[in-house]
Amino acid sequence: MSQSTDAGEKPGVRLDLGHARPARSASRSGPAITCDDVRVFYKKHLAVRDVNMTFARNEVSALIGPSGCGKSTVLRALNRMNDLIPGARVEGMIRFEGTDIYGEGVDATEVRRRIGMVFQKPNPFPKSIYENVAYGPRVTNMQVDNMDDLVEEALRKAAIWDEVKTMLKDSALALSGGQQQRLCIARAIATKPEVILMDEPCSALDPIATLKIEDLMADLAEEFTIVIVTHNMQQAARVSQRTAFFTAEADEHGDRTGRLVEYDDTAKMFSNPSDQRTEDYISGRFG
Ligand SMILES: Nc1ncnc2c1ncn2[C@@H]1O[C@H](COP(=O)(O)OP(=O)(O)O)[C@@H](O)[C@H]1O
Ligand SMILES: [Mg+2]
């Protein structure tokens with residue numbers, strides 16, 4: 001297999017774009033999330049700026065760039081996960097289905113239900129497989145006709161049902177890392193979100209488990225809008241229709257601030273980027 005895991009990824013490897021899927025037709029796209037001039041601070045530190053981008057419905061968008069350039073920060077801003085970090089502050093405007101998610105009266109919990117998240121390290125709760133999936137609908141008081149059906153549907157969509165259907169009462173912690181991550185995807189799906197954010201979801205997984213998640217992403221995009229952070233460029237090329245390149249530059253005081261450099265169709269980003277910094281990164285001249 002030519003791809004490596006996220007952890008061992010080094011820029012500069014030639015990208016096979018043979019599997020890159022073209023952007024979907026305009027009728028199915030249209031923005032789910034729009035960022036206008038977004039900046040995120042941690043206390044006084046400006047962590048990332050110049051974030052102007054839209055995430056189209058039913059597409060996979062990838063955020064790439066060197067460590068510390070603000071990818072996770074931007075991702076967390078999209079569903080108000082940064083609210084949970086003391087000192088974090090988002091400026092600019094982020095709209096989800098037209099609504100300012102930081103606007104007055106907007107319920108952050110509801111934002112996070114509709115824009116779900118999957119983290120780098122699989123983090124199932126120390127509960128049964130079933131209870132992991134049922135947890136979200138329960139705590140958000142979702143109207144559920146039949147919890148068994150909902151759990152099954154979420155596990156099926158996360159491509160793990162067949163592996164766990166006879167052991168739903170067993171501890172989630174007994175699953176392999178790759179299974180745990182698909183369970184976490186099922187857990188995110190269970191509350192019926194429209195968007196799923198994934199922060200380096202494969203970086204703790206082996207190549208086989210990684211491929212399973214990558215295959216799953218294409219299926220998930222039929223129903224959800226997906227934004228994935230990855231520092232594996234081949235992964236971005238394989239799974240996404242759009243790619244955003246971020247980098248971090250130091251100001252005159254030496255403070256490093258991340259910024260969005262370029263955001264375009266994935267095939268263009270990896271074959272003919274407009275910005276020299278993108279070109280340098282994807283061809284391995286830095287990073
Ligand atoms: N919880 C936090 N508190 C303070 N600073 C943070 C926090 N998370 C990230 N940062 C800072 O924000 C910048 C961007 O970090 P991050 O979004 O994690 O980058 P990436 O995901 O691209 O590696 C870095 O300078 C980092 O030190
Ligand atoms: Mg990160």
# chains A, B, ... in the order shown; residues from 1 in each chain; ligands from 1
call {"tool": "closest_atom_pairs", "arguments": {"of": "chain A", "to": "ligand 1", "cutoff": "12 Å", "atoms": "only C-alpha atoms and all ligand atoms", "output": "JSON lines"}}
result
{"residue": "A:Arg39", "atom": "CA", "partner": "ligand 1", "partner_atom_place_in_ligand_line": "12 (O)", "distance": 11.1}
{"residue": "A:Val40", "atom": "CA", "partner": "ligand 1", "partner_atom_place_in_ligand_line": "12 (O)", "distance": 8.3}
{"residue": "A:Phe41", "atom": "CA", "partner": "ligand 1", "partner_atom_place_in_ligand_line": "12 (O)", "distance": 7.8}
{"residue": "A:Tyr42", "atom": "CA", "partner": "ligand 1", "partner_atom_place_in_ligand_line": "4 (C)", "distance": 5.0}
{"residue": "A:Lys43", "atom": "CA", "partner": "ligand 1", "partner_atom_place_in_ligand_line": "4 (C)", "distance": 7.6}
{"residue": "A:Lys44", "atom": "CA", "partner": "ligand 1", "partner_atom_place_in_ligand_line": "4 (C)", "distance": 9.7}
{"residue": "A:His45", "atom": "CA", "partner": "ligand 1", "partner_atom_place_in_ligand_line": "5 (N)", "distance": 7.6}
{"residue": "A:Leu46", "atom": "CA", "partner": "ligand 1", "partner_atom_place_in_ligand_line": "12 (O)", "distance": 7.7}
{"residue": "A:Ala47", "atom": "CA", "partner": "ligand 1", "partner_atom_place_in_ligand_line": "12 (O)", "distance": 4.5}
{"residue": "A:Val48", "atom": "CA", "partner": "ligand 1", "partner_atom_place_in_ligand_line": "14 (C)", "distance": 6.7}
{"residue": "A:Arg49", "atom": "CA", "partner": "ligand 1", "partner_atom_place_in_ligand_line": "14 (C)", "distance": 10.5}
{"residue": "A:Leu63", "atom": "CA", "partner": "ligand 1", "partner_atom_place_in_ligand_line": "22 (O)", "distance": 8.7}
{"residue": "A:Ile64", "atom": "CA", "partner": "ligand 1", "partner_atom_place_in_ligand_line": "22 (O)", "distance": 7.7}
{"residue": "A:Gly65", "atom": "CA", "partner": "ligand 1", "partner_atom_place_in_ligand_line": "22 (O)", "distance": 6.5}
{"residue": "A:Pro66", "atom": "CA", "partner": "ligand 1", "partner_atom_place_in_ligand_line": "22 (O)", "distance": 6.2}
{"residue": "A:Ser67", "atom": "CA", "partner": "ligand 1", "partner_atom_place_in_ligand_line": "23 (O)", "distance": 3.7}
{"residue": "A:Gly68", "atom": "CA", "partner": "ligand 1", "partner_atom_place_in_ligand_line": "19 (O)", "distance": 3.5}
{"residue": "A:Cys69", "atom": "CA", "partner": "ligand 1", "partner_atom_place_in_ligand_line": "22 (O)", "distance": 4.0}
{"residue": "A:Gly70", "atom": "CA", "partner": "ligand 1", "partner_atom_place_in_ligand_line": "17 (O)", "distance": 3.3}
{"residue": "A:Lys71", "atom": "CA", "partner": "ligand 1", "partner_atom_place_in_ligand_line": "22 (O)", "distance": 3.8}
{"residue": "A:Ser72", "atom": "CA", "partner": "ligand 1", "partner_atom_place_in_ligand_line": "21 (O)", "distance": 3.7}
{"residue": "A:Thr73", "atom": "CA", "partner": "ligand 1", "partner_atom_place_in_ligand_line": "17 (O)", "distance": 3.6}
{"residue": "A:Val74", "atom": "CA", "partner": "ligand 1", "partner_atom_place_in_ligand_line": "17 (O)", "distance": 6.5}
{"residue": "A:Leu75", "atom": "CA", "partner": "ligand 1", "partner_atom_place_in_ligand_line": "17 (O)", "distance": 8.0}
{"residue": "A:Arg76", "atom": "CA", "partner": "ligand 1", "partner_atom_place_in_ligand_line": "17 (O)", "distance": 8.4}
{"residue": "A:Ala77", "atom": "CA", "partner": "ligand 1", "partner_atom_place_in_ligand_line": "17 (O)", "distance": 9.8}
{"residue": "A:Met81", "atom": "CA", "partner": "ligand 1", "partner_atom_place_in_ligand_line": "1 (N)", "distance": 10.6}
{"residue": "A:Asn82", "atom": "CA", "partner": "ligand 1", "partner_atom_place_in_ligand_line": "1 (N)", "distance": 8.0}
{"residue": "A:Asp83", "atom": "CA", "partner": "ligand 1", "partner_atom_place_in_ligand_line": "1 (N)", "distance": 10.4}
{"residue": "A:Leu84", "atom": "CA", "partner": "ligand 1", "partner_atom_place_in_ligand_line": "1 (N)", "distance": 9.1}
{"residue": "A:Ile85", "atom": "CA", "partner": "ligand 1", "partner_atom_place_in_ligand_line": "1 (N)", "distance": 5.8}
{"residue": "A:Pro86", "atom": "CA", "partner": "ligand 1", "partner_atom_place_in_ligand_line": "3 (N)", "distance": 7.6}
{"residue": "A:Gly87", "atom": "CA", "partner": "ligand 1", "partner_atom_place_in_ligand_line": "3 (N)", "distance": 7.4}
{"residue": "A:Ala88", "atom": "CA", "partner": "ligand 1", "partner_atom_place_in_ligand_line": "3 (N)", "distance": 7.1}
{"residue": "A:Arg89", "atom": "CA", "partner": "ligand 1", "partner_atom_place_in_ligand_line": "3 (N)", "distance": 10.6}
{"residue": "A:Phe119", "atom": "CA", "partner": "ligand 1", "partner_atom_place_in_ligand_line": "21 (O)", "distance": 11.5}
{"residue": "A:Gln120", "atom": "CA", "partner": "ligand 1", "partner_atom_place_in_ligand_line": "21 (O)", "distance": 10.5}
{"residue": "A:Met198", "atom": "CA", "partner": "ligand 1", "partner_atom_place_in_ligand_line": "21 (O)", "distance": 11.5}
{"residue": "A:Asp199", "atom": "CA", "partner": "ligand 1", "partner_atom_place_in_ligand_line": "21 (O)", "distance": 8.0}
{"residue": "A:Glu200", "atom": "CA", "partner": "ligand 1", "partner_atom_place_in_ligand_line": "21 (O)", "distance": 8.9}
{"residue": "A:Ile228", "atom": "CA", "partner": "ligand 1", "partner_atom_place_in_ligand_line": "21 (O)", "distance": 11.1}
{"residue": "A:Val229", "atom": "CA", "partner": "ligand 1", "partner_atom_place_in_ligand_line": "21 (O)", "distance": 7.7}
{"residue": "A:Thr230", "atom": "CA", "partner": "ligand 1", "partner_atom_place_in_ligand_line": "21 (O)", "distance": 8.8}
{"residue": "A:His231", "atom": "CA", "partner": "ligand 1", "partner_atom_place_in_ligand_line": "22 (O)", "distance": 8.6}
{"residue": "A:Ala244", "atom": "CA", "partner": "ligand 1", "partner_atom_place_in_ligand_line": "22 (O)", "distance": 11.7}
{"residue": "A:Phe245", "atom": "CA", "partner": "ligand 1", "partner_atom_place_in_ligand_line": "22 (O)", "distance": 10.2}
{"residue": "A:Phe246", "atom": "CA", "partner": "ligand 1", "partner_atom_place_in_ligand_line": "22 (O)", "distance": 7.7}
{"residue": "A:Thr247", "atom": "CA", "partner": "ligand 1", "partner_atom_place_in_ligand_line": "22 (O)", "distance": 8.1}
{"residue": "A:Ala248", "atom": "CA", "partner": "ligand 1", "partner_atom_place_in_ligand_line": "25 (O)", "distance": 8.5}
{"residue": "A:Glu249", "atom": "CA", "partner": "ligand 1", "partner_atom_place_in_ligand_line": "25 (O)", "distance": 10.5}
{"residue": "A:Ala250", "atom": "CA", "partner": "ligand 1", "partner_atom_place_in_ligand_line": "25 (O)", "distance": 10.5}
{"residue": "A:Gly254", "atom": "CA", "partner": "ligand 1", "partner_atom_place_in_ligand_line": "25 (O)", "distance": 11.6}
{"residue": "A:Asp255", "atom": "CA", "partner": "ligand 1", "partner_atom_place_in_ligand_line": "25 (O)", "distance": 8.6}
{"residue": "A:Arg256", "atom": "CA", "partner": "ligand 1", "partner_atom_place_in_ligand_line": "25 (O)", "distance": 6.5}
{"residue": "A:Thr257", "atom": "CA", "partner": "ligand 1", "partner_atom_place_in_ligand_line": "25 (O)", "distance": 6.8}
{"residue": "A:Gly258", "atom": "CA", "partner": "ligand 1", "partner_atom_place_in_ligand_line": "14 (C)", "distance": 6.7}
{"residue": "A:Arg259", "atom": "CA", "partner": "ligand 1", "partner_atom_place_in_ligand_line": "14 (C)", "distance": 9.8}
{"residue": "A:Leu260", "atom": "CA", "partner": "ligand 1", "partner_atom_place_in_ligand_line": "22 (O)", "distance": 10.8}
{"residue": "A:Gly287", "atom": "CA", "partner": "ligand 1", "partner_atom_place_in_ligand_line": "22 (O)", "distance": 11.5}
call {"tool": "write_last_selection", "arguments": {"atoms": "C-alpha atoms", "output": "PDB file, in the first residue's frame"}}
result
ATOM      1  CA  ARG A  39     -10.419  35.007  13.335  1.00  0.00           C
ATOM      2  CA  VAL A  40      -9.916  32.986  16.479  1.00  0.00           C
ATOM      3  CA  PHE A  41      -8.012  34.192  19.525  1.00  0.00           C
ATOM      4  CA  TYR A  42      -6.800  32.334  22.585  1.00  0.00           C
ATOM      5  CA  LYS A  43      -6.698  35.144  25.125  1.00  0.00           C
ATOM      6  CA  LYS A  44      -4.549  37.770  23.341  1.00  0.00           C
ATOM      7  CA  HIS A  45      -2.982  35.364  20.881  1.00  0.00           C
ATOM      8  CA  LEU A  46      -4.443  35.549  17.389  1.00  0.00           C
ATOM      9  CA  ALA A  47      -4.304  31.869  16.447  1.00  0.00           C
ATOM     10  CA  VAL A  48      -5.815  32.028  12.966  1.00  0.00           C
ATOM     11  CA  ARG A  49      -7.142  34.719  10.620  1.00  0.00           C
ATOM     12  CA  LEU A  63      -8.319  21.261   5.856  1.00  0.00           C
ATOM     13  CA  ILE A  64      -4.587  20.714   5.457  1.00  0.00           C
ATOM     14  CA  GLY A  65      -1.431  22.529   6.514  1.00  0.00           C
ATOM     15  CA  PRO A  66       1.504  22.264   8.903  1.00  0.00           C
ATOM     16  CA  SER A  67       1.047  21.670  12.599  1.00  0.00           C
ATOM     17  CA  GLY A  68      -0.065  24.735  14.539  1.00  0.00           C
ATOM     18  CA  CYS A  69      -1.585  26.583  11.570  1.00  0.00           C
ATOM     19  CA  GLY A  70      -5.042  26.581  13.143  1.00  0.00           C
ATOM     20  CA  LYS A  71      -6.850  23.674  11.480  1.00  0.00           C
ATOM     21  CA  SER A  72      -8.311  22.285  14.703  1.00  0.00           C
ATOM     22  CA  THR A  73      -9.070  25.790  15.901  1.00  0.00           C
ATOM     23  CA  VAL A  74     -11.101  26.544  12.770  1.00  0.00           C
ATOM     24  CA  LEU A  75     -12.856  23.183  12.934  1.00  0.00           C
ATOM     25  CA  ARG A  76     -13.883  23.759  16.540  1.00  0.00           C
ATOM     26  CA  ALA A  77     -15.145  27.237  15.665  1.00  0.00           C
ATOM     27  CA  MET A  81     -16.613  23.669  20.463  1.00  0.00           C
ATOM     28  CA  ASN A  82     -14.136  26.507  21.184  1.00  0.00           C
ATOM     29  CA  ASP A  83     -16.710  27.874  23.665  1.00  0.00           C
ATOM     30  CA  LEU A  84     -15.502  25.134  25.991  1.00  0.00           C
ATOM     31  CA  ILE A  85     -11.898  26.430  25.932  1.00  0.00           C
ATOM     32  CA  PRO A  86     -11.310  29.254  28.432  1.00  0.00           C
ATOM     33  CA  GLY A  87     -10.003  32.364  26.667  1.00  0.00           C
ATOM     34  CA  ALA A  88     -11.008  31.238  23.176  1.00  0.00           C
ATOM     35  CA  ARG A  89     -12.822  33.929  21.171  1.00  0.00           C
ATOM     36  CA  PHE A 119     -11.957  13.511  17.378  1.00  0.00           C
ATOM     37  CA  GLN A 120      -8.414  12.408  16.664  1.00  0.00           C
ATOM     38  CA  MET A 198     -13.597  15.159  11.861  1.00  0.00           C
ATOM     39  CA  ASP A 199     -10.267  16.203  13.363  1.00  0.00           C
ATOM     40  CA  GLU A 200      -7.566  13.854  12.067  1.00  0.00           C
ATOM     41  CA  ILE A 228     -12.072  16.768   7.818  1.00  0.00           C
ATOM     42  CA  VAL A 229      -8.752  17.965   9.182  1.00  0.00           C
ATOM     43  CA  THR A 230      -5.869  15.836   8.047  1.00  0.00           C
ATOM     44  CA  HIS A 231      -2.149  16.250   7.701  1.00  0.00           C
ATOM     45  CA  ALA A 244      -8.188  24.310   2.105  1.00  0.00           C
ATOM     46  CA  PHE A 245      -4.511  24.972   2.755  1.00  0.00           C
ATOM     47  CA  PHE A 246      -3.581  26.834   5.928  1.00  0.00           C
ATOM     48  CA  THR A 247      -0.155  27.975   6.984  1.00  0.00           C
ATOM     49  CA  ALA A 248       1.298  29.898   9.925  1.00  0.00           C
ATOM     50  CA  GLU A 249       3.433  32.999   9.549  1.00  0.00           C
ATOM     51  CA  ALA A 250       5.282  34.892  12.263  1.00  0.00           C
ATOM     52  CA  GLY A 254       7.609  36.498  16.346  1.00  0.00           C
ATOM     53  CA  ASP A 255       3.972  35.630  17.127  1.00  0.00           C
ATOM     54  CA  ARG A 256       2.755  32.937  14.804  1.00  0.00           C
ATOM     55  CA  THR A 257      -0.694  33.277  13.322  1.00  0.00           C
ATOM     56  CA  GLY A 258      -2.319  30.770  11.055  1.00  0.00           C
ATOM     57  CA  ARG A 259      -4.167  31.845   7.928  1.00  0.00           C
ATOM     58  CA  LEU A 260      -6.146  30.373   5.123  1.00  0.00           C
ATOM     59  CA  GLY A 287       6.067  21.506   6.312  1.00  0.00           C
TER      60      GLY A 287
END
call {"tool": "closest_atom_pairs", "arguments": {"of": "range 177-267 of chain A", "to": "range 135-149 of chain A", "cutoff": "8 Å", "atoms": "only C-alpha atoms", "output": "tab-separated table"}}
result
residue	atom	partner	partner_atom	distance
A:Arg187	CA	A:Gly136	CA	7.0
A:Ala188	CA	A:Gly136	CA	7.7
A:Ala190	CA	A:Pro137	CA	6.6
A:Thr191	CA	A:Pro137	CA	5.4
call {"tool": "residues_around", "arguments": {"residues": "Leu220 in chain A", "least_positions_apart": "2", "cutoff": "12 Å", "atoms": "only C-alpha atoms", "output": "MDAnalysis selection string"}}
result
chainID A and resid 57:60 154 156:159 182 185:186 188:189 193:197 213:218 222:227 239:240
call {"tool": "residues_around", "arguments": {"residues": "Thr54 in chain A", "least_positions_apart": "5", "cutoff": "8 Å", "atoms": "only C-alpha atoms", "output": "VMD selection string"}}
result
chain A and resid 31 to 35
call {"tool": "closest_residue", "arguments": {"among": "A:Lys121, A:Ala237, A:Lys212, A:Leu183", "to": "ligand 2", "atoms": "only C-alpha atoms and all ligand atoms"}}
result
A:Lys121
call {"tool": "select_by_dssp", "arguments": {"residues": "range 85-254 of chain A", "states": "strand (DSSP E or B)", "output": "ChimeraX atom specification"}}
result
/A:88-96,99-100,115-118,128,171,195-199,225-229,242-250
call {"tool": "write_last_selection", "arguments": {"atoms": "N, CA and C atoms", "output": "compact mmCIF listing (two decimals), in the first residue's frame"}}
result
# COMPACT_ATOMS: atom_id res chain seq x y z
N ALA A 88 -10.84 31.30 24.63
CA ALA A 88 -11.01 31.24 23.18
C ALA A 88 -12.10 32.21 22.75
N ARG A 89 -11.86 32.93 21.65
CA ARG A 89 -12.82 33.93 21.17
C ARG A 89 -12.86 33.91 19.65
N VAL A 90 -14.05 33.86 19.11
CA VAL A 90 -14.21 33.82 17.66
C VAL A 90 -14.73 35.17 17.19
N GLU A 91 -14.07 35.77 16.21
CA GLU A 91 -14.56 37.00 15.58
C GLU A 91 -14.92 36.71 14.13
N GLY A 92 -15.67 37.64 13.54
CA GLY A 92 -16.15 37.40 12.18
C GLY A 92 -17.49 36.69 12.25
N MET A 93 -17.90 36.12 11.15
CA MET A 93 -19.25 35.54 11.09
C MET A 93 -19.21 34.11 10.57
N ILE A 94 -19.83 33.21 11.30
CA ILE A 94 -20.01 31.84 10.81
C ILE A 94 -21.50 31.57 10.72
N ARG A 95 -21.95 31.29 9.52
CA ARG A 95 -23.37 31.00 9.33
C ARG A 95 -23.56 29.53 9.00
N PHE A 96 -24.56 28.94 9.65
CA PHE A 96 -24.95 27.56 9.35
C PHE A 96 -26.38 27.61 8.84
N THR A 99 -27.87 30.95 9.42
CA THR A 99 -27.97 31.53 10.76
C THR A 99 -26.60 31.73 11.39
N ASP A 100 -26.37 32.91 11.96
CA ASP A 100 -25.13 33.20 12.68
C ASP A 100 -25.08 32.31 13.93
N ILE A 115 -24.22 19.95 14.13
CA ILE A 115 -22.88 19.89 13.54
C ILE A 115 -22.05 19.02 14.49
N GLY A 116 -22.01 17.74 14.21
CA GLY A 116 -21.37 16.78 15.11
C GLY A 116 -19.87 16.75 14.92
N MET A 117 -19.18 16.09 15.84
CA MET A 117 -17.72 16.08 15.78
C MET A 117 -17.14 14.72 16.15
N VAL A 118 -16.09 14.37 15.44
CA VAL A 118 -15.34 13.14 15.73
C VAL A 118 -13.88 13.55 15.93
N SER A 128 -21.58 0.43 27.32
CA SER A 128 -21.79 -0.57 26.27
C SER A 128 -21.81 0.11 24.90
N SER A 171 -18.76 -3.88 26.42
CA SER A 171 -18.13 -2.58 26.58
C SER A 171 -17.52 -2.09 25.26
N VAL A 195 -24.05 18.12 9.59
CA VAL A 195 -22.63 18.24 9.28
C VAL A 195 -21.85 17.38 10.26
N ILE A 196 -20.79 16.75 9.79
CA ILE A 196 -19.89 16.02 10.69
C ILE A 196 -18.48 16.57 10.51
N LEU A 197 -17.91 17.04 11.60
CA LEU A 197 -16.54 17.55 11.60
C LEU A 197 -15.63 16.43 12.11
N MET A 198 -14.51 16.22 11.43
CA MET A 198 -13.60 15.16 11.86
C MET A 198 -12.18 15.73 11.96
N ASP A 199 -11.61 15.64 13.15
CA ASP A 199 -10.27 16.20 13.36
C ASP A 199 -9.23 15.07 13.35
N THR A 225 -22.75 16.70 5.29
CA THR A 225 -21.65 17.55 4.86
C THR A 225 -20.48 17.23 5.78
N ILE A 226 -19.31 17.02 5.20
CA ILE A 226 -18.19 16.57 6.02
C ILE A 226 -17.01 17.53 5.89
N VAL A 227 -16.45 17.92 7.03
CA VAL A 227 -15.22 18.70 7.04
C VAL A 227 -14.20 17.89 7.82
N ILE A 228 -13.09 17.60 7.18
CA ILE A 228 -12.07 16.77 7.82
C ILE A 228 -10.75 17.51 7.87
N VAL A 229 -10.13 17.49 9.05
CA VAL A 229 -8.75 17.96 9.18
C VAL A 229 -7.84 16.77 9.01
N ARG A 242 -13.06 19.30 -1.95
CA ARG A 242 -12.47 20.64 -1.81
C ARG A 242 -11.40 20.57 -0.74
N THR A 243 -10.32 21.33 -0.97
CA THR A 243 -9.22 21.33 0.01
C THR A 243 -8.85 22.77 0.35
N ALA A 244 -8.65 23.00 1.64
CA ALA A 244 -8.19 24.31 2.11
C ALA A 244 -6.78 24.15 2.66
N PHE A 245 -5.88 25.00 2.22
CA PHE A 245 -4.51 24.97 2.76
C PHE A 245 -4.32 26.15 3.70
N PHE A 246 -3.90 25.82 4.92
CA PHE A 246 -3.58 26.83 5.93
C PHE A 246 -2.08 26.82 6.16
N THR A 247 -1.54 27.97 6.53
CA THR A 247 -0.15 27.98 6.98
C THR A 247 -0.04 28.96 8.13
N ALA A 248 1.10 28.97 8.82
CA ALA A 248 1.30 29.90 9.92
C ALA A 248 2.50 30.77 9.60
N GLU A 249 2.33 32.07 9.81
CA GLU A 249 3.43 33.00 9.55
C GLU A 249 3.67 33.84 10.80
N ALA A 250 4.95 34.10 11.08
CA ALA A 250 5.28 34.89 12.26
C ALA A 250 5.20 36.38 11.93
call {"tool": "atom_distance", "arguments": {"atom1": "CA of Leu150 in chain A", "atom2": "CA of Ala62 in chain A"}}
result
28.8 Å
call {"tool": "closest_residue", "arguments": {"among": "A:Asp251, A:Asp206, A:Asp37, A:Glu153", "to": "Gly178 in chain A", "atoms": "only C-alpha atoms"}}
result
A:Asp206
call {"tool": "closest_residue", "arguments": {"among": "A:Asp36, A:Ser203, A:Asn79, A:Pro273", "to": "ligand 2", "atoms": "only C-alpha atoms and all ligand atoms"}}
result
A:Ser203
call {"tool": "select_by_dssp", "arguments": {"residues": "range 102-282 of chain A", "states": "alpha helix (DSSP H)", "output": "ChimeraX atom specification"}}
result
/A:108-114,129-139,147-157,161-164,177-190,207-220,233-239,266-271,276-282
call {"tool": "residues_around", "arguments": {"residues": "Pro124 in chain A", "least_positions_apart": "4", "cutoff": "9 Å", "atoms": "only C-alpha atoms", "output": "list in words"}}
result
Ile129, Asn132, Ala172, Leu173, Gln180, Gln181, Leu183, Cys184 and Arg187 of chain A
call {"tool": "atom_distance", "arguments": {"atom1": "CA of Arg114 in chain A", "atom2": "CA of Leu168 in chain A"}}
result
25.4 Å
call {"tool": "closest_residue", "arguments": {"among": "A:Arg238, A:Arg285, A:Lys192, A:Lys165", "to": "Phe270 in chain A", "atoms": "only C-alpha atoms"}}
result
A:Arg238
call {"tool": "closest_residue", "arguments": {"among": "A:Arg112, A:Pro201, A:Lys268, A:Ile160", "to": "ligand 2", "atoms": "only C-alpha atoms and all ligand atoms"}}
result
A:Pro201
call {"tool": "closest_residue", "arguments": {"among": "A:Met233, A:Tyr102, A:Pro126, A:Glu252", "to": "Met269 in chain A", "atoms": "only C-alpha atoms"}}
result
A:Met233
